[in-house]
Each structure stands twice: as C-alpha cells, then as structure tokens.
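Here is the structure we will look at.
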Amino acid sequence: MAEAADIQGMKHSPARRWLGRTGAVAAGLPLLAGLLGGLAAPQATAAVPTSSTAATGPVTASPASTTAEPSGSSTVSIALDTLAPSAPTKGDTLTISGTVTNKSKKPVTGAQVDLRVGPQLTGRTAIDDAVERSNDTTYDPLPVGGKYKVEFKKLASGISYDFALSVPVSKLGLGADGVYQLGVTLTGRTAAEPYDHTLGVRRTFLPWQPESVDTRTKFTYLWPLISTSHVSAETGSDDQQTPLFENDDLAEELAPGGRLEQLVSLGSQLPVTWVVDPDLLATVSAMTEPYRVRDGNSTVAGKNQLVARTWLNSLEKAVQDNPHIVALPFGDPDLASLAHGGETVSGTLGHLQGSSEVAAVTVESILHVQPATDFAWPVNGAVDPSIVDVATSAGADKVISRSDSIQDNLPYTASAARPIGGGTTAVVSDTRLSTAFEGDVTTAGSSTLAVQKFLAQSLAVTLQDSSKQRNIVVAPQRTPSASQAQSMARALQGLDGQRWTQSSDLVAAAAAKPDTNATTKVPGASRYPDKLRDQELPPSAFEEIKGIDERLGKFKAILTLPDRVATPFANAVNRALSTSWRGDATGAREYRGSVNRYLVSLTGEVQLIQKSELTLSGRSATIPVTVQNQLLQGVDHLVLRLKSTNKTRLKLDDGSAVAQQTIKIDGGHTQVVKFTGDANANGPVGLTAQLYTADGRPYGNPMSFQVRVSELTPTVMLVIAGGVLLLVLAGVKMYSQRKRAVAAKAAEDKAAADAAEAEAGDADDSDGDTGGSAADSHDSEDPADDSTEPTPAPTAAPSAEKIPADINGAEPGQPSDPTPDTRPESGDPSGKGEKVDR
C-alpha cells in the first residue's frame with residue numbers, strides 16, 4: 001500500500017537525519033576498527049570482533065572457534081518485559097523492566113542500562129523503517145542520564161539479570177504529539193574492548209498523545225471465536241442422538257488458561273465485535289450434555305461437561321453486555337476454495353446457502369442474541385471476483401477484505417467501507433494492524449514490542465489527517481493463540497483513553513460513508529496469493545462431497561424419520577468445507593473419508609438378502625425376495641423391483657418381465673416380498689432384484705439369482721395321480737385287514753374265557769354228586785406214580801375264513817393259543833335268529 005506522504009515526510013525529518021548519518025559514519029568504521037585492532041593485538045591471542053565491525057557486516061570466526069563470538073550491540077541481549085503506561089500522558093512516570101543477558105563467553109564489566117529517546121517518527125512507513133534498523137547503534141541519542149539508570153559491576157557469561165527503570169515522562173524530552181522511538185541500551189567493557197561502548201540495544205515505540213485530538217479515528221476490532229472441527233457425523237441411537245467427537249481436544253481450549261477461555265475472558269472487557277463460528281457454539285453446547293469420544297476402534301464417555309458449561313455461560317454473559325456479534329456461516333466454509341475448486345461441481349454452493357441459513361438460528365438458540373449474518377470473511381481478507389461472487393451467493397452483501405488485497409494509492413489510510421458493485425460492500429481491514437500479533441509473542445519481551453508497535457501505528461493513522469474522521473477495521477488472524485489474545489487485549493487497553501481513537505463496531509463501520517478517493521476495484525484472479533491458493537481444498541474434495549450428497553439424498557428419501565440423519569450429516573459436510581483445514585490436507589481428507597464410510601455403513605443396513613437357486617415345479621409358483629432393515633427407524637417409500645431375463649420362459653405377476661412392489665419395514669425387521677411367476681418352458685432363468693427410491697433412483701446394489709423351471713405335462717400329472725390313487729387303495733386294504741384281524745383276536749379271547757368258566761362250573765357239579773375230592777382221585781401228585789394216560793385235548797374244526805397272523809406272526813391254532821370258546825363251525829343252515837360274525 002503506497003503512502004507517498006509518509007515517504008516524503010521522512011526526507012527531511014529529524015528521524016531521517018538521525019538514521020541517515022549512519023552511512024557517513026559507517027564509512028570511517030573500517031579505519032577505526034583497524035586502529036583499535038592494532039592497539040589490542042599485542043595483548044590478545046586471537047582476533048576479537050569489535051562493535052564497529054558488527055555494523056559493517058558479518059564477522060568471520062577464528063580458526064579456533066566454530067561459532068562467531070557475539071560482538072558489538074549483539075554481545076548482550078535485552079528483553080523489555082513491561083512498559084507502562086503503554087501510551088503515557090502528562091504527569092505519568094514511565095516504568096520499563098526487563099532482563100539483560102551476556103551472550104558472550106567473557107564477562108562484561110562496568111555495565112550500565114540507560115534509556116534513550118530518539119526523534120519523532122513521521123508516518124507509518126517511518127515506523128516500519130525504524131524496526132528494520134533497530135540494531136544500528138551508530139549515532140544514538142544521548143541517554144536520559146542522571147539517576148535514571150541501572151548499573152551492574154559485572155555480567156557473567158550466559159546469566160540473565162533483571163533491571164527496572166522509572167522515569168518521569170517530563171524527563172524524556174518529548175515534543176510535539178506523535179510517535180517516538182524509545183531505546184534501552186547497555187554499555188560496558190569486555191576484555192577485548194576495555195572501553196565503554198554499546199553492547200546491547202532494544203528499541204520500541206512510544207506513542208505520545210497526551211490530549212485528545214479533535215477528530216478521533218473510529219476503531220473496530222474483530223474478536224474471532226473460531227476453532228477446528230471436532231464432531232463426527234456419527235450419533236448415538238438414543239432419542240438425544242448423543243454426538244460422537246473425533247477427539248476431546250476442544251476441552252483444552254475451553255479450560256482456564258486455554259485459548260478460547262482467554263478470548264472470552266479478555267474480550268468481555270474490551271470494546272470488540274465478536275465474530276463467531278456457529279459450529280463452535282453447537283459443539284460446546286453438545287459437550288454440556290453426555291457425549292462420546294472416539295478412542296481407537298471404540299468410544300469412551302466425554303468428561304468435560306463442566307468445562308463446556310462454564311465457558312458457554314461466560315460467553316453468554318459477555319455478549320449480553322456487548323451485543324455486537326457477527327455470525328459466520330456454520331462451519332466457517334472456505335470461500336476461496338469454493339470459488340476456485342468447487343464452483344464447477346454441481347450442488348457445492350448449496351452447502352454455503354444452508355450453512356448461512358442455520359447460522360442465525362444456532363447463535364440465537366444458544367446465546368439468546370440476534371447476530372448479523374450478512375458478512376463474509378475470506379481467508380486473510382484476500383479476494384478476487386470469483387470469491388466475491390461465491391461470498392455473496394448465500395445472502396451476504398458485505399465482504400471483509402484487507403488492504404494488501406484491495407490496495408489504495410493514497411497518502412493516508414482510507415476508511416474501511418467501499419462499494420465494489422452489485423450492491424456489495426467491501427470492508428477493507430488494515431493490514432499492518434491486522435497482522436501485528438501474528439508472530440511469536442509467547443515471551444513478555446516480544447509481546448511488549450508488538451503492543452507498542454500496534455499503538456504507534458494506530459496513532460500514526462490518526463495523525464495522517466487530523467481533519468478527516470475515518471473508520472478503521474482490524475481483522476486479526478482467525479484462531480489467535482492464548483498469548484496472542486493477551487497481547488491483543490493489552491493493545492486495546494492501551495487505547496482505553498480514547499485520545500486518538502474511539503471504539504466502533506463492524507456493522508457501523510460497514511455502513512459508514514465511503515471515501516470517494518478509495519479504490520473500489522476488486523483485484524483479478526492472477527493477484528490472488530499463490531501461498532493461499534496452495535492451501536485450498538482440491539477439486540477432488542468437492543467431488544467426494546458431491547458423492548456424499550447423492551448418497552445422503554437417496555437415504556433420506558426412504559426413512560420415516562429423515563431429520564435424525566439429515567441434520568448430523570449436513571453439519572458434517574459443512575465442517576468438511578471449513579477454513580480450518582487449511583494447512584492440514586491429510587486431516588481434511590480423513591474427515592471426509594470418515595463421513596462417507598459412516599454413511600455407506602448406514603445405507604447398507606437396508607439391503608436385499610442374497611438368495612440361492614430356486615426350483616419351480618408347475619406352471620405357476622411364488623418367488624420370495626427378502627428385504628432386511630437393521631436400522632433403528634423404519635423405512636418407507638421403498639420400491640422392490642424384480643426383473644426376469646427371459647420373459648418367454650418365466651413371466652412375473654401381470655405377465656411382464658418386470659414386477660414391483662412398494663414396501664415398508666419397521667426398524668430391526670425383515671420382510672419377505674412375494675412375486676408370482678408363470679412358467680412357459682423348462683430351464684434356468686436369471687432374475688434380478690433391485691431396490692429403488694420413490695423417485696426411481698436405485699438404492700443399494702442389485703441382487704441376482706437363478707430360478708430353474710420344471711414344467712409338468714398332463715400325462716405326467718395323470719401318472720402321478722394314478723400312483724397316488726394306488727397308494728391310497730393299498731392303504732385302505734391294509735387298514736381293513738388289520739381291523740378284521742383285531743376283531744377276530746378279540747372274539748377268540750372271549751371264547752377262551754367263556755370255556756374256562758364253563759369247565760370250572762362242571763367240575764363243581766361233579767364234586768357235589770360223588771362226594772369225593774381231588775385227593776380221592778389222585779393219591780399221589782408224583783407224575784412217576786401216575787399210570788393214567790392223559791386225555792388228548794379236542795381239536796377245533798378249521799374255519800371257513802382264514803384269520804391272518806397276529807402281530808407277532810403266530811398262526812391261529814398253535815399250541816400256545818387259548819382254547820376256542822365256540823364249537824366247530826357247521827355247514828348246516830343257521831337256526832332262526834342266530835348271527836354268525838365273519
């Protein structure tokens with residue numbers, strides 16, 4: 001960004017004269033170095049570089065050493081840990097504290113820490129130049145002197161020593177309002193250079209504006225609450241759909257001292273505009289309830305509910321007190337990646353529309369404030385026409401850019417807002433102020449220097465033209481660290497006096513009257529930084545996401561409760577497009593893969609069960625196809641279509657080659673769908689079953705199986721019928737014979753019983769007539785003494801109908817059979833009334 005006035009103002013300024021003399025003095029340094037080296041040579045065994053040679057260039061190490069010995073102003077390092085107040089006013093006492101460390105291998109004696117105030121710096125460019133020359137001690141101004149110094153008799157090698165200086169501002173010799181360079185130096189002696197000279201220096205800036213200016217600059221500072229993606233697409237099967245986190249790293253950022261905790265704690269005390277990614281709020285809100293965390297191939301319960309609740313409560317209170325809040329689209333999508341790699345992939349920009357619509361709802365439901373949602377923030381504020389088109393396609397009409405992208409050729413810093421056509425406003429943030437804390441500010445010394453430079457640049461902006469009020473916007477890095485947030489807060493606290501700035505918010509800055517001299521031209525695509533382009537999502541990523549969209553669309557179409565799937569996956573896709581993946585291509589690829597794999601596993605829970613070969617006997621038969629639903633919710637609007645590959649041999653349902661049925665299956669159930677097939681010829685027939693959504697899109701993989709048709713002719717049917725009849729008749733005959741045998745056996749048993757009873761009666765009568773007894777007839781029971789021949793038993797006459805053998809196979813009339821109880825059958829006619837059973 002050109003600043004002609006700044007450069008011209010330096011030409012004859014005291015600072016330019018002070019720094020310009022360096023070249024003239026440096027020309028005589030080699031002569032002086034040679035003289036001093038010659039004087040010291042007789043006493044030294046090795047050449048030791050002097051302070052003057054350090055100013056002229058690098059020093060070659062002696063053969064005995066592999067590392068150059070620190071020399072000149074690099075001999076002792078100085079760190080400025082505190083400088084308070086950062087922007088003093090009349091009557092203040094400036095306090096500076098820090099440490100000095102001897103980096104050389106030899107001790108330093110007679111050391112003294114002094115404060116030196118350089119000339120006033122005119123313009124923002126002069127501040128940049130002063131930083132580049134910070135190690136040049138040639139022609140330094142004299143120290144403040146007097147009692148305002150710290151003395152050390154000896155600085156041992158490698159040891160750090162604390163110091164503190166307190167100087168009334170009135171003793172600094174400050175003149176007109178402006179920015180002054182402030183230097184802390186250490187002078188002392190070394191064995192190689194036994195005379196007082198500067199051995200260390202640390203420079204910073206002191207903004208001097210003791211009274212408020214008539215026209216103060218309106219100052220807007222964005223305070224981003226953005227993190228990386230932590231939640232997966234998977235949820236629990238319970239009613240609350242317990243979320244599954246990829247990791248529990250977010251808890252470290254939310255815990256006391258963590259990055260996000262510091263941003264909320266510090267931001268609540270500052271006049272800032274909150275810039276929030278709704279995904280972060282949704283994620284922390286999910287952490288306040290039970291949640292699961294992936295742990296290898298399993299999951300474990302999350303344990304940071306209290307941390308999440310505490311952080312969310314603190315943020316809610318902070319935004320109630322300071323309601324200036326801007327909500328980015330859900331997931332903070334990478335606008336440049338969408339413009340350069342995703343615009344040509346159908347459906348990609350639809351995600352930006354959806355993420356923008358859900359942003360306001362998410363913030364309002366969690367923080368209970370209504371955010372502004374019409375701002376887009378490309379990475380580093382870098383824009384080109386395609387980025388602007390994509391950014392505004394989802395409803396945003398304000399694009400946060402940066403002055404190193406939309407550059408002005410003005411001698412002053414113009415206001416942020418400027419119209420760039422099509423009803424779109426570019427809000428151009430200041431590059432110098434926006435990048436002031438991107439470096440390493442983990443140490444107190446580096447933080448102090450960054451804060452003082454920031455304040456100096458802000459005062460320089462106001463002093464460029466004190467008659468013209470301007471609106472300046474600062475858009476820092478998206479995810480500042482805890483130390484960067486602390487440094488940013490210290491800088492804003494330095495502006496609390498509002499002597500040259502007054503706080504404003506982003507909405508007001510965007511609505512301010514534009515500077516007619518400021519450029520409104522958006523740079524072409526060729527000027528987009530290559531470094532940023534290399535970090536973008538590749539076109540293949542958007543093709544992957546398109547595949548996820550198509551699969552998800554088919555899946556939702558068959559579900560009875562589609563919202564349980566639609567919301568988690570829509571959020572996951574938005575997270576896959578996040579700006580946070582810049583610099584982490586591998587992580588982005590793995591996240592997309594996990595979303596896709598999980599969706600495939602869910603869609604596979606509704607499937608056709610593979611069938612083996614079927615055999616159909618007959619002209620008409622039923623063909624069953626089994627559909628399984630292993631989801632926890634039901635599926636509906638699903639069509640099962642069965643197709644015959646040979647219509648001549650096997651027709652389906654209505655006589656066509658294709659039949660279909662609409663099916664509905666409850667969760668965790670299986671359904672058998674039956675089709676009717678009509679066979680016209682014998683032989684194998686291939687069938688293919690395929691599920692379809694209601695709109696005719698195939699769902700899942702087709703299932704093929706084979707049916708073997710065996711058609712039966714009328715002759716074969718007659719033969720089979722005759723055989724069946726013979727089997728029936730044979731069975732009837734066997735049953736009849738068995739029944740008759742059983743009846744005959746029962747009759748024989750009854751006759752034997754009657755005969756035995758009759759014989760017993762006759763014996764009784766005989767005994768009564770003779771008056772004898774059995775003992776009289778048989779004097780001895782010994783068979784050997786019995787000479788009487790036994791009377792043979794009467795033989796039964798043969799029956800006219802043969803009785804079949806009994807169950808044991810014994811023929812009737814065997815010795816083991818009981819005596820028949822009927823007389824031999826006679827061939828004479830039966831008497832009247834007599835019935836003979838056959």
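Naming scheme: A, B, ... for chains in displayed order of the structure tokens; residues 1 onward per chain; ligands 1 onward as shown.
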All helix (DSSP H, G or I) positions in stretch 407-638 of chain A, as a count of residues only: 108
Can you list every residue in stretch 287-363 of chain A that DSSP puts in strand (DSSP E or B), as a ChimeraX atom specification? /A:292-295,298-301,325-327,333
Restrict the selected residues to N, CA and C atoms and save them as a PDB file, in the first residue's frame.
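Printed below is result-v6.pdb as written:
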ATOM      1  N   ARG A 292     -19.812 -38.733  23.485  1.00  0.00           N
ATOM      2  CA  ARG A 292     -18.841 -39.815  23.351  1.00  0.00           C
ATOM      3  C   ARG A 292     -17.632 -39.310  22.561  1.00  0.00           C
ATOM      4  N   VAL A 293     -16.473 -39.934  22.815  1.00  0.00           N
ATOM      5  CA  VAL A 293     -15.228 -39.552  22.150  1.00  0.00           C
ATOM      6  C   VAL A 293     -14.622 -40.809  21.534  1.00  0.00           C
ATOM      7  N   ARG A 294     -14.213 -40.699  20.284  1.00  0.00           N
ATOM      8  CA  ARG A 294     -13.602 -41.841  19.622  1.00  0.00           C
ATOM      9  C   ARG A 294     -12.265 -42.155  20.285  1.00  0.00           C
ATOM     10  N   ASP A 295     -12.054 -43.437  20.542  1.00  0.00           N
ATOM     11  CA  ASP A 295     -10.819 -43.905  21.165  1.00  0.00           C
ATOM     12  C   ASP A 295     -10.378 -45.159  20.431  1.00  0.00           C
ATOM     13  N   SER A 298     -12.992 -47.990  19.399  1.00  0.00           N
ATOM     14  CA  SER A 298     -14.138 -47.917  20.301  1.00  0.00           C
ATOM     15  C   SER A 298     -14.383 -46.456  20.684  1.00  0.00           C
ATOM     16  N   THR A 299     -15.307 -46.248  21.596  1.00  0.00           N
ATOM     17  CA  THR A 299     -15.598 -44.899  22.070  1.00  0.00           C
ATOM     18  C   THR A 299     -15.625 -44.904  23.591  1.00  0.00           C
ATOM     19  N   VAL A 300     -15.364 -43.732  24.161  1.00  0.00           N
ATOM     20  CA  VAL A 300     -15.414 -43.564  25.614  1.00  0.00           C
ATOM     21  C   VAL A 300     -16.281 -42.352  25.927  1.00  0.00           C
ATOM     22  N   ALA A 301     -16.759 -42.284  27.134  1.00  0.00           N
ATOM     23  CA  ALA A 301     -17.606 -41.167  27.550  1.00  0.00           C
ATOM     24  C   ALA A 301     -16.774 -39.903  27.717  1.00  0.00           C
ATOM     25  N   ILE A 325     -22.201  -8.744  17.570  1.00  0.00           N
ATOM     26  CA  ILE A 325     -21.781 -10.093  17.224  1.00  0.00           C
ATOM     27  C   ILE A 325     -22.130 -10.394  15.778  1.00  0.00           C
ATOM     28  N   VAL A 326     -21.182 -10.971  15.084  1.00  0.00           N
ATOM     29  CA  VAL A 326     -21.353 -11.370  13.680  1.00  0.00           C
ATOM     30  C   VAL A 326     -21.220 -12.887  13.623  1.00  0.00           C
ATOM     31  N   ALA A 327     -22.189 -13.524  12.974  1.00  0.00           N
ATOM     32  CA  ALA A 327     -22.155 -14.982  12.816  1.00  0.00           C
ATOM     33  C   ALA A 327     -21.718 -15.325  11.401  1.00  0.00           C
ATOM     34  N   PRO A 333     -17.060 -21.962   6.236  1.00  0.00           N
ATOM     35  CA  PRO A 333     -16.611 -22.564   4.973  1.00  0.00           C
ATOM     36  C   PRO A 333     -15.534 -21.730   4.286  1.00  0.00           C
TER      37      PRO A 333
END
What is the atom CA of A:Phe330 to atom CA of A:His351 distance in Å?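 Atom CA of A:His351 lies 9.7 Å from atom CA of A:Phe330.
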Looking at A:Leu410, A:Leu165, A:Ala557, A:Leu506, which one is nearest to A:Trp223, with distances taken over only C-alpha atoms?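 Once distances to A:Trp223 are computed over only C-alpha atoms, the minimum belongs to A:Leu506.
Here the question is which of A:Leu687, A:Ala588, A:Ala87, A:Tyr735 gets nearest to A:Met703 using only C-alpha atoms, and that residue is A:Leu687.
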For stretch 180-195 of chain A, please output as a ChimeraX atom specification all residues within 7 Å (counting only C-alpha atoms; exclusion window: fewer than 2 positions along the same chain). /A:48,107-121,178,197-207
Pairwise distance for atom CA of A:Gly175 and atom CA of A:Leu455, rounded to one decimal in Å: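 That distance, rounded to one decimal, is 18.1 Å.
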Just give me the gap between atom CA of A:Glu550 and atom CA of A:Ala233 in Å, one decimal is fine.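 Answer for the atom CA of A:Glu550 to atom CA of A:Ala233 separation: 16.0 Å.
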Test item: residues at most 10 Å from A:Thr579, only C-alpha atoms, excluding those fewer than 6 positions along its chain, as a ChimeraX atom specification: /A:226-229,331-337,378-379,478,535-537
Could you save the residues just selected, with C-alpha atoms, as a tab-separated table (two decimals), in the first residue's frame?
chain	number	residue	atom	x	y	z
A	226	ILE	CA	-13.38	-19.99	15.79
A	227	SER	CA	-11.91	-23.43	16.23
A	228	THR	CA	-11.23	-26.55	14.21
A	229	SER	CA	-13.81	-29.28	13.53
A	331	GLY	CA	-18.53	-24.36	9.94
A	332	ASP	CA	-16.77	-21.25	8.58
A	333	PRO	CA	-16.61	-22.56	4.97
A	334	ASP	CA	-13.53	-21.79	2.89
A	335	LEU	CA	-14.91	-19.27	0.42
A	336	ALA	CA	-11.78	-19.20	-1.74
A	337	SER	CA	-11.75	-22.99	-2.06
A	378	PRO	CA	-12.40	-14.94	3.12
A	379	VAL	CA	-9.06	-16.20	4.41
A	478	ARG	CA	-8.82	-16.39	12.70
A	535	GLN	CA	-3.69	-24.42	0.87
A	536	GLU	CA	-7.13	-24.70	-0.72
A	537	LEU	CA	-9.25	-27.83	-0.89
Quick one: residues within 7 Å of stretch 510-519 of chain A, only C-alpha atoms counted, chain neighbours fewer than 5 positions away excluded, as a PyMOL selection string? chain A and resi 408+414-415+417-418+427
Store the residues picked out above in a file with N, CA and C atoms, as an mmCIF file, in the first residue's frame.
data_model
loop_
_atom_site.group_PDB
_atom_site.id
_atom_site.type_symbol
_atom_site.label_atom_id
_atom_site.label_comp_id
_atom_site.auth_asym_id
_atom_site.auth_seq_id
_atom_site.Cartn_x
_atom_site.Cartn_y
_atom_site.Cartn_z
ATOM 1 N N ASP A 408 -5.110 0.711 -1.948
ATOM 2 C CA ASP A 408 -5.311 2.123 -2.298
ATOM 3 C C ASP A 408 -3.957 2.757 -2.610
ATOM 4 N N ALA A 414 -7.395 5.000 4.099
ATOM 5 C CA ALA A 414 -8.797 5.325 3.864
ATOM 6 C C ALA A 414 -9.711 4.526 4.782
ATOM 7 N N SER A 415 -10.959 4.980 4.859
ATOM 8 C CA SER A 415 -11.958 4.251 5.640
ATOM 9 C C SER A 415 -12.169 2.861 5.065
ATOM 10 N N ALA A 417 -14.971 0.945 4.559
ATOM 11 C CA ALA A 417 -16.077 0.605 3.663
ATOM 12 C C ALA A 417 -15.886 1.237 2.294
ATOM 13 N N ARG A 418 -16.167 0.444 1.281
ATOM 14 C CA ARG A 418 -16.208 0.970 -0.075
ATOM 15 C C ARG A 418 -17.069 0.043 -0.942
ATOM 16 N N VAL A 427 -15.451 -4.397 3.172
ATOM 17 C CA VAL A 427 -14.971 -3.794 4.409
ATOM 18 C C VAL A 427 -13.487 -4.131 4.493
#
A:Gln477, A:Thr235, A:Ser704, A:Ser134 ranked by distance to A:Glu613, top pick (using only C-alpha atoms): A:Ser704
